[in-house]
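K.L.:
Just coords.pdb, nothing more (PDB, C-alpha atoms):
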```pdb
ATOM      1  CA  LEU A  28      11.299   5.790  -0.148
ATOM      2  CA  TYR A  29      10.211   6.878   3.337
ATOM      3  CA  ARG A  30       9.318  10.194   4.939
ATOM      4  CA  ALA A  31      10.616   9.566   8.453
ATOM      5  CA  ASN A  32      13.722   7.737   9.688
ATOM      6  CA  TYR A  33      11.931   5.783  12.402
ATOM      7  CA  VAL A  34       9.947   3.707   9.881
ATOM      8  CA  THR A  35      13.132   1.820   8.925
ATOM      9  CA  LEU A  36      13.287  -0.104  12.227
ATOM     10  CA  ASP A  37      10.973  -2.968  11.254
ATOM     11  CA  PHE A  38      12.582  -3.296   7.830
ATOM     12  CA  GLU A  39      16.125  -3.303   9.244
ATOM     13  CA  ARG A  40      15.274  -6.000  11.762
ATOM     14  CA  ALA A  41      13.625  -8.180   9.093
ATOM     15  CA  PHE A  42      16.547  -7.760   6.694
ATOM     16  CA  ASN A  43      19.082  -8.646   9.387
ATOM     17  CA  HIS A  44      17.207 -11.735  10.559
ATOM     18  CA  HIS A  45      16.948 -13.021   6.977
ATOM     19  CA  HIS A  46      20.564 -12.087   6.143
ATOM     20  CA  ILE A  47      19.538  -9.740   3.369
ATOM     21  CA  PRO A  48      22.093  -6.997   2.658
ATOM     22  CA  TYR A  49      20.715  -3.488   2.505
ATOM     23  CA  ARG A  50      21.810   0.116   2.379
ATOM     24  CA  ILE A  51      20.048   3.248   3.602
ATOM     25  CA  TYR A  52      20.534   6.241   1.335
ATOM     26  CA  GLY A  53      20.366   9.738   2.752
ATOM     27  CA  GLY A  54      20.195   8.535   6.357
ATOM     28  CA  MET A  55      21.618   6.062   8.850
ATOM     29  CA  LYS A  56      20.617   2.800  10.456
ATOM     30  CA  PHE A  57      18.147   3.064  13.328
ATOM     31  CA  TYR A  58      20.408   1.851  16.147
ATOM     32  CA  ALA A  59      23.249   4.078  14.926
ATOM     33  CA  ARG A  60      21.263   7.267  15.508
ATOM     34  CA  ARG A  61      22.472   9.464  18.340
ATOM     35  CA  GLU A  62      19.170   9.781  20.155
ATOM     36  CA  VAL A  63      18.596   6.007  20.048
ATOM     37  CA  LYS A  64      22.077   5.391  21.445
ATOM     38  CA  ASP A  65      21.426   7.937  24.211
ATOM     39  CA  VAL A  66      18.228   6.263  25.381
ATOM     40  CA  LEU A  67      19.752   2.787  25.139
ATOM     41  CA  ALA A  68      22.670   3.978  27.272
ATOM     42  CA  TYR A  69      20.199   4.862  30.046
ATOM     43  CA  PHE A  70      18.582   1.443  29.577
ATOM     44  CA  HIS A  71      21.936  -0.319  29.967
ATOM     45  CA  LEU A  72      22.747   1.512  33.191
ATOM     46  CA  ILE A  73      19.530   0.245  34.718
ATOM     47  CA  VAL A  74      20.765  -3.332  34.424
ATOM     48  CA  ASN A  75      24.535  -2.802  34.603
ATOM     49  CA  THR A  76      26.160  -0.147  36.788
ATOM     50  CA  LYS A  77      29.587  -1.301  35.569
ATOM     51  CA  ASP A  78      28.897   0.027  32.073
ATOM     52  CA  ASP A  79      31.291   2.986  31.980
ATOM     53  CA  ILE A  80      30.788   3.509  28.247
ATOM     54  CA  SER A  81      27.054   4.080  28.673
ATOM     55  CA  LEU A  82      27.539   6.344  31.675
ATOM     56  CA  GLU A  83      30.097   8.476  29.872
ATOM     57  CA  ARG A  84      27.662   8.808  26.979
ATOM     58  CA  ILE A  85      24.797  10.191  29.077
ATOM     59  CA  ILE A  86      26.651  11.888  31.919
ATOM     60  CA  ASN A  87      25.994  15.237  30.245
ATOM     61  CA  VAL A  88      22.952  14.268  28.139
ATOM     62  CA  PRO A  89      20.856  16.288  28.376
ATOM     63  CA  LYS A  90      23.203  19.121  29.324
ATOM     64  CA  ARG A  91      24.105  19.174  33.011
ATOM     65  CA  GLY A  92      27.179  21.381  32.897
ATOM     66  CA  ILE A  93      29.575  18.420  33.158
ATOM     67  CA  GLY A  94      32.611  19.167  30.958
ATOM     68  CA  GLU A  95      35.331  16.945  29.542
ATOM     69  CA  THR A  96      37.852  17.951  32.229
ATOM     70  CA  THR A  97      35.420  16.959  34.966
ATOM     71  CA  ILE A  98      34.694  13.625  33.252
ATOM     72  CA  LYS A  99      38.412  12.842  32.983
ATOM     73  CA  LYS A 100      38.908  13.579  36.687
ATOM     74  CA  ILE A 101      35.992  11.328  37.656
ATOM     75  CA  LYS A 102      37.250   8.475  35.473
ATOM     76  CA  PHE A 103      40.736   8.786  37.008
ATOM     77  CA  GLU A 104      39.367   8.816  40.559
ATOM     78  CA  ALA A 105      37.118   5.831  39.808
ATOM     79  CA  ARG A 106      40.103   3.828  38.550
ATOM     80  CA  GLU A 107      42.051   4.771  41.677
ATOM     81  CA  ALA A 108      39.145   3.536  43.785
ATOM     82  CA  ASN A 109      38.888   0.366  41.680
ATOM     83  CA  LEU A 110      35.223   1.071  40.955
ATOM     84  CA  SER A 111      33.112   1.646  37.885
ATOM     85  CA  VAL A 112      32.333   5.333  37.326
ATOM     86  CA  TYR A 113      28.680   4.804  38.282
ATOM     87  CA  ASP A 114      29.556   2.939  41.478
ATOM     88  CA  TYR A 115      32.203   5.534  42.335
ATOM     89  CA  ILE A 116      29.685   8.375  42.024
ATOM     90  CA  ASN A 117      27.370   6.337  44.254
ATOM     91  CA  SER A 118      30.093   5.818  46.856
ATOM     92  CA  TYR A 119      30.986   7.839  49.925
ATOM     93  CA  GLU A 120      34.477   8.503  48.497
ATOM     94  CA  PHE A 121      32.965  10.601  45.728
ATOM     95  CA  ASN A 122      32.035  13.254  48.306
ATOM     96  CA  ASN A 123      35.762  14.032  48.527
ATOM     97  CA  SER A 124      36.253  14.263  44.771
ATOM     98  CA  GLU A 125      38.401  17.072  43.354
ATOM     99  CA  ILE A 126      35.551  18.228  41.109
ATOM    100  CA  SER A 127      33.268  21.042  42.234
ATOM    101  CA  LYS A 128      30.707  20.451  44.977
ATOM    102  CA  LYS A 129      28.024  21.571  42.547
ATOM    103  CA  ASN A 130      28.929  18.829  40.056
ATOM    104  CA  ILE A 131      29.188  16.271  42.856
ATOM    105  CA  GLY A 132      25.594  17.094  43.786
ATOM    106  CA  ILE A 133      24.411  16.960  40.166
ATOM    107  CA  LEU A 134      25.951  13.543  39.543
ATOM    108  CA  LYS A 135      24.833  12.134  42.896
ATOM    109  CA  ALA A 136      21.289  13.153  41.996
ATOM    110  CA  LEU A 137      21.631  11.534  38.556
ATOM    111  CA  VAL A 138      22.665   8.101  39.814
ATOM    112  CA  LYS A 139      20.093   8.296  42.615
ATOM    113  CA  ARG A 140      17.391   8.904  39.997
ATOM    114  CA  ILE A 141      18.611   5.948  37.913
ATOM    115  CA  ASP A 142      18.630   3.784  41.053
ATOM    116  CA  MET A 143      15.020   4.801  41.687
ATOM    117  CA  LEU A 144      14.165   4.032  38.068
ATOM    118  CA  ARG A 145      15.690   0.566  38.451
ATOM    119  CA  ASP A 146      13.512  -0.075  41.493
ATOM    120  CA  ASP A 147      10.420   1.162  39.655
ATOM    121  CA  VAL A 148      11.130  -1.105  36.687
ATOM    122  CA  ASN A 149      11.749  -4.130  38.900
ATOM    123  CA  ASN A 150       8.693  -3.496  41.068
ATOM    124  CA  ASP A 151       6.251  -2.964  38.211
ATOM    125  CA  GLU A 152       7.482  -4.950  35.223
ATOM    126  CA  GLU A 153       4.051  -4.873  33.594
ATOM    127  CA  MET A 154       4.343  -1.097  33.189
ATOM    128  CA  PHE A 155       8.082  -0.695  32.717
ATOM    129  CA  SER A 156       7.761   0.708  29.187
ATOM    130  CA  LYS A 157       5.715   3.660  30.473
ATOM    131  CA  THR A 158       8.031   4.046  33.459
ATOM    132  CA  LEU A 159      11.023   4.326  31.155
ATOM    133  CA  GLU A 160       9.348   6.736  28.771
ATOM    134  CA  ASP A 161       8.225   8.954  31.659
ATOM    135  CA  PHE A 162      11.809   8.991  32.923
ATOM    136  CA  ILE A 163      13.205  10.122  29.560
ATOM    137  CA  SER A 164      10.673  12.941  29.577
ATOM    138  CA  GLU A 165      11.328  13.906  33.211
ATOM    139  CA  ILE A 166      15.079  14.339  32.745
ATOM    140  CA  GLY A 167      14.411  16.863  29.985
ATOM    141  CA  TYR A 168      15.619  14.777  27.064
ATOM    142  CA  TYR A 169      12.646  15.522  24.805
ATOM    143  CA  GLU A 170      12.843  19.203  25.719
ATOM    144  CA  ALA A 171      16.537  19.275  24.778
ATOM    145  CA  LEU A 172      15.806  17.661  21.409
ATOM    146  CA  THR A 173      13.140  20.258  20.569
ATOM    147  CA  LYS A 174      15.897  22.899  20.572
ATOM    148  CA  GLU A 175      17.736  21.136  17.748
ATOM    149  CA  GLU A 176      17.053  21.803  14.085
ATOM    150  CA  ASP A 177      16.013  18.192  13.448
ATOM    151  CA  GLY A 178      14.717  17.682  16.969
ATOM    152  CA  LEU A 179      11.185  16.617  16.068
ATOM    153  CA  GLU A 180      12.535  13.867  13.826
ATOM    154  CA  ARG A 181      14.844  12.666  16.614
ATOM    155  CA  ILE A 182      11.922  12.616  19.036
ATOM    156  CA  GLU A 183      10.001  10.414  16.601
ATOM    157  CA  ASN A 184      12.946   7.998  16.567
ATOM    158  CA  VAL A 185      12.925   7.799  20.373
ATOM    159  CA  LYS A 186       9.188   7.203  20.327
ATOM    160  CA  ALA A 187       9.713   4.447  17.759
ATOM    161  CA  LEU A 188      12.103   2.739  20.179
ATOM    162  CA  PHE A 189       9.451   2.807  22.903
ATOM    163  CA  GLN A 190       6.847   1.604  20.426
ATOM    164  CA  ASP A 191       9.146  -1.317  19.680
ATOM    165  CA  LEU A 192       9.368  -2.012  23.424
ATOM    166  CA  ARG A 193       5.570  -1.975  23.727
ATOM    167  CA  GLY A 194       5.295  -4.285  20.725
ATOM    168  CA  PHE A 195       7.722  -6.677  22.388
ATOM    169  CA  LEU A 196       5.636  -6.696  25.575
ATOM    170  CA  LYS A 197       2.472  -7.289  23.594
ATOM    171  CA  GLU A 198       4.040 -10.284  21.900
ATOM    172  CA  PHE A 199       5.729 -11.543  25.096
ATOM    173  CA  PRO A 200       3.574 -10.263  27.987
ATOM    174  CA  THR A 201       5.525 -12.115  30.677
ATOM    175  CA  ALA A 202       8.933 -10.891  29.482
ATOM    176  CA  THR A 203      11.158  -8.750  31.707
ATOM    177  CA  PHE A 204      13.111  -5.618  30.885
ATOM    178  CA  ASP A 205      16.368  -7.602  31.064
ATOM    179  CA  GLU A 206      15.029 -10.011  28.456
ATOM    180  CA  TYR A 207      14.065  -7.156  26.143
ATOM    181  CA  LEU A 208      17.561  -5.675  26.390
ATOM    182  CA  LEU A 209      19.105  -9.085  25.771
ATOM    183  CA  ILE A 210      17.087  -9.560  22.576
ATOM    184  CA  LEU A 211      17.814  -6.000  21.529
ATOM    185  CA  GLN A 212      21.530  -6.537  22.079
ATOM    186  CA  LYS A 213      21.413  -9.693  19.971
ATOM    187  CA  ASP A 214      19.731  -7.717  17.182
ATOM    188  CA  ILE A 215      22.456  -5.077  17.278
ATOM    189  CA  VAL A 216      25.253  -7.660  17.416
ATOM    190  CA  LEU A 217      23.635  -9.539  14.540
ATOM    191  CA  LEU A 218      23.494  -6.329  12.530
ATOM    192  CA  VAL A 219      27.189  -5.568  13.145
ATOM    193  CA  GLU A 220      28.381  -9.132  12.521
ATOM    194  CA  PHE A 221      26.318  -9.444   9.364
ATOM    195  CA  HIS A 222      27.591  -6.217   7.865
ATOM    196  CA  LEU A 223      31.182  -7.054   8.812
ATOM    197  CA  SER A 224      30.881 -10.463   7.145
ATOM    198  CA  PHE A 225      29.355  -8.805   4.083
ATOM    199  CA  LEU A 226      32.275  -6.365   4.032
ATOM    200  CA  HIS A 227      34.800  -9.221   4.292
ATOM    201  CA  ILE A 228      33.153 -11.035   1.388
ATOM    202  CA  PHE A 229      33.315  -7.863  -0.689
ATOM    203  CA  GLN A 230      36.996  -7.349   0.199
ATOM    204  CA  PHE A 231      37.798 -10.967  -0.690
ATOM    205  CA  GLN A 232      36.029 -10.651  -4.035
ATOM    206  CA  PHE A 233      37.912  -7.426  -4.726
ATOM    207  CA  PHE A 234      41.182  -9.210  -3.849
ATOM    208  CA  LEU A 235      40.365 -12.013  -6.308
ATOM    209  CA  LEU A 236      39.606  -9.415  -8.951
ATOM    210  CA  LEU A 237      43.047  -7.938  -8.478
ATOM    211  CA  LEU A 238      44.690 -11.350  -8.703
ATOM    212  CA  TYR A 239      42.672 -12.536 -11.704
ATOM    213  CA  PRO A 240      41.558  -9.403 -13.587
ATOM    214  CA  ASN A 241      40.685 -11.282 -16.770
ATOM    215  CA  ASN A 242      38.440 -13.926 -15.166
TER     216      ASN A 242
END
```
Go ahead and express the file in the form of structure tokens.

P.N.:
Amino acid sequence: LYRANYVTLDFERAFNHHHIPYRIYGGMKFYARREVKDVLAYFHLIVNTKDDISLERIINVPKRGIGETTIKKIKFEAREANLSVYDYINSYEFNNSEISKKNIGILKALVKRIDMLRDDVNNDEEMFSKTLEDFISEIGYYEALTKEEDGLERIENVKALFQDLRGFLKEFPTATFDEYLLILQKDIVLLVEFHLSFLHIFQFQFFLLLLYPNN
């Protein structure tokens, strides 16, 4: 039993590393939570501007007035320009986009801020955890969460992610942000692969039960 969702992170990681199957009742796995995915999407864009999936996730998070029709137009124009969506927004061609001038300005400002964040992280790797957390606060993400019914709980989950980042830096003080993301990605992949393999074993056992019901 646990009172807050964020406390599951350490347990989930330990279970995955030791290949111990587990199930969370009345909640969901830490990395599957919306607010954790949102923050990680920003993290990924710092190191990879080609990540269209992450950009599409946060392009209107928190709310910036960017609707689905606008997103579809941008994605189409980016494909026509043979660029990732992020790089297209950062390009001169985007100034001539068919979307509104207001939205052009909003998205130009967004990628410019992420570019600045990337520079800050690279220039001061000893403090990049605080730099990242300040950024999430500055863009209004915490403020947006406070307006949700379960917002305080979601904020605690985001803080748990940053606490995990600080714990990583404490254990590996010379590590870079790229290295943290790489290890984090391996954890997530391990979690998915492990649960898929567990599912396949269960399906195989169920298949055998159908074939040999009396055994």

K.L.:
Which value, in Å to one decimal, gives the distance between CA of Glu95 in chain A and CA of Ile116 in chain A?

P.N.:
16.2 Å

K.L.:
Name the residues that the PyMOL selection byres ((chain A and resi 142-157) around 10) picks from the file above, as number ranges by chain, using the file's chain letters and numbers.

P.N.:
A: 70, 72-74, 76, 117, 136-141, 158-163, 189-193, 196, 200-205

K.L.:
Written as a list in words, what is the full residue list that the PyMOL selection byres ((chain A and resi 121-128) around 10) yields on the file shown?

P.N.:
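Those residues are Ile93, Thr96, Thr97, Ile98, Lys100, Ile101, Glu104, Ala105, Ala108, Val112, Asp114, Tyr115, Ile116, Asn117, Ser118, Tyr119, Glu120, Lys129, Asn130, Ile131, Gly132, Ile133, Leu134 and Lys135 of chain A.
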
K.L.:
What is the CA of Val66 in chain A-CA of Glu198 in chain A distance in Å, reported with one decimal?

P.N.:
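Atom-to-atom, CA of Val66 in chain A to CA of Glu198 in chain A, that is 22.1 Å.
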
K.L.:
Using Å and a single decimal, report how far CA of Glu206 in chain A sits from CA of Pro89 in chain A.

P.N.:
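Rounded to one decimal, the two atoms are 26.9 Å apart.
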
K.L.:
For range 178-183 of chain A, find every residue with an atom within 10 Å (counting all atoms listed in the file), except residues of its own chain fewer than 2 positions away, and show them as a compact mmCIF listing (two decimals) with C-alpha atoms, in the frame of the given file.

P.N.:
```txt
# COMPACT_ATOMS: atom_id res chain seq x y z
CA ALA A 31 10.62 9.57 8.45
CA ASN A 32 13.72 7.74 9.69
CA TYR A 33 11.93 5.78 12.40
CA VAL A 34 9.95 3.71 9.88
CA ARG A 60 21.26 7.27 15.51
CA ARG A 61 22.47 9.46 18.34
CA GLU A 62 19.17 9.78 20.16
CA VAL A 63 18.60 6.01 20.05
CA TYR A 168 15.62 14.78 27.06
CA TYR A 169 12.65 15.52 24.80
CA GLU A 170 12.84 19.20 25.72
CA ALA A 171 16.54 19.27 24.78
CA LEU A 172 15.81 17.66 21.41
CA THR A 173 13.14 20.26 20.57
CA LYS A 174 15.90 22.90 20.57
CA GLU A 175 17.74 21.14 17.75
CA GLU A 176 17.05 21.80 14.08
CA VAL A 185 12.92 7.80 20.37
CA LYS A 186 9.19 7.20 20.33
CA ALA A 187 9.71 4.45 17.76
CA LEU A 188 12.10 2.74 20.18
CA PHE A 189 9.45 2.81 22.90
```

K.L.:
In file coordinates, which residues lie within 12 Å of (30.4, 12.6, 27.6) using all atoms listed in the file, given as a compact mmCIF listing (two decimals) with C-alpha atoms, keeping the file's coordinate frame?

P.N.:
```txt
# COMPACT_ATOMS: atom_id res chain seq x y z
CA ASP A 65 21.43 7.94 24.21
CA ALA A 68 22.67 3.98 27.27
CA ASP A 79 31.29 2.99 31.98
CA ILE A 80 30.79 3.51 28.25
CA SER A 81 27.05 4.08 28.67
CA LEU A 82 27.54 6.34 31.68
CA GLU A 83 30.10 8.48 29.87
CA ARG A 84 27.66 8.81 26.98
CA ILE A 85 24.80 10.19 29.08
CA ILE A 86 26.65 11.89 31.92
CA ASN A 87 25.99 15.24 30.24
CA VAL A 88 22.95 14.27 28.14
CA PRO A 89 20.86 16.29 28.38
CA LYS A 90 23.20 19.12 29.32
CA ARG A 91 24.10 19.17 33.01
CA GLY A 92 27.18 21.38 32.90
CA ILE A 93 29.58 18.42 33.16
CA GLY A 94 32.61 19.17 30.96
CA GLU A 95 35.33 16.94 29.54
CA THR A 96 37.85 17.95 32.23
CA THR A 97 35.42 16.96 34.97
CA ILE A 98 34.69 13.62 33.25
CA LYS A 99 38.41 12.84 32.98
CA ILE A 101 35.99 11.33 37.66
CA LYS A 102 37.25 8.48 35.47
```
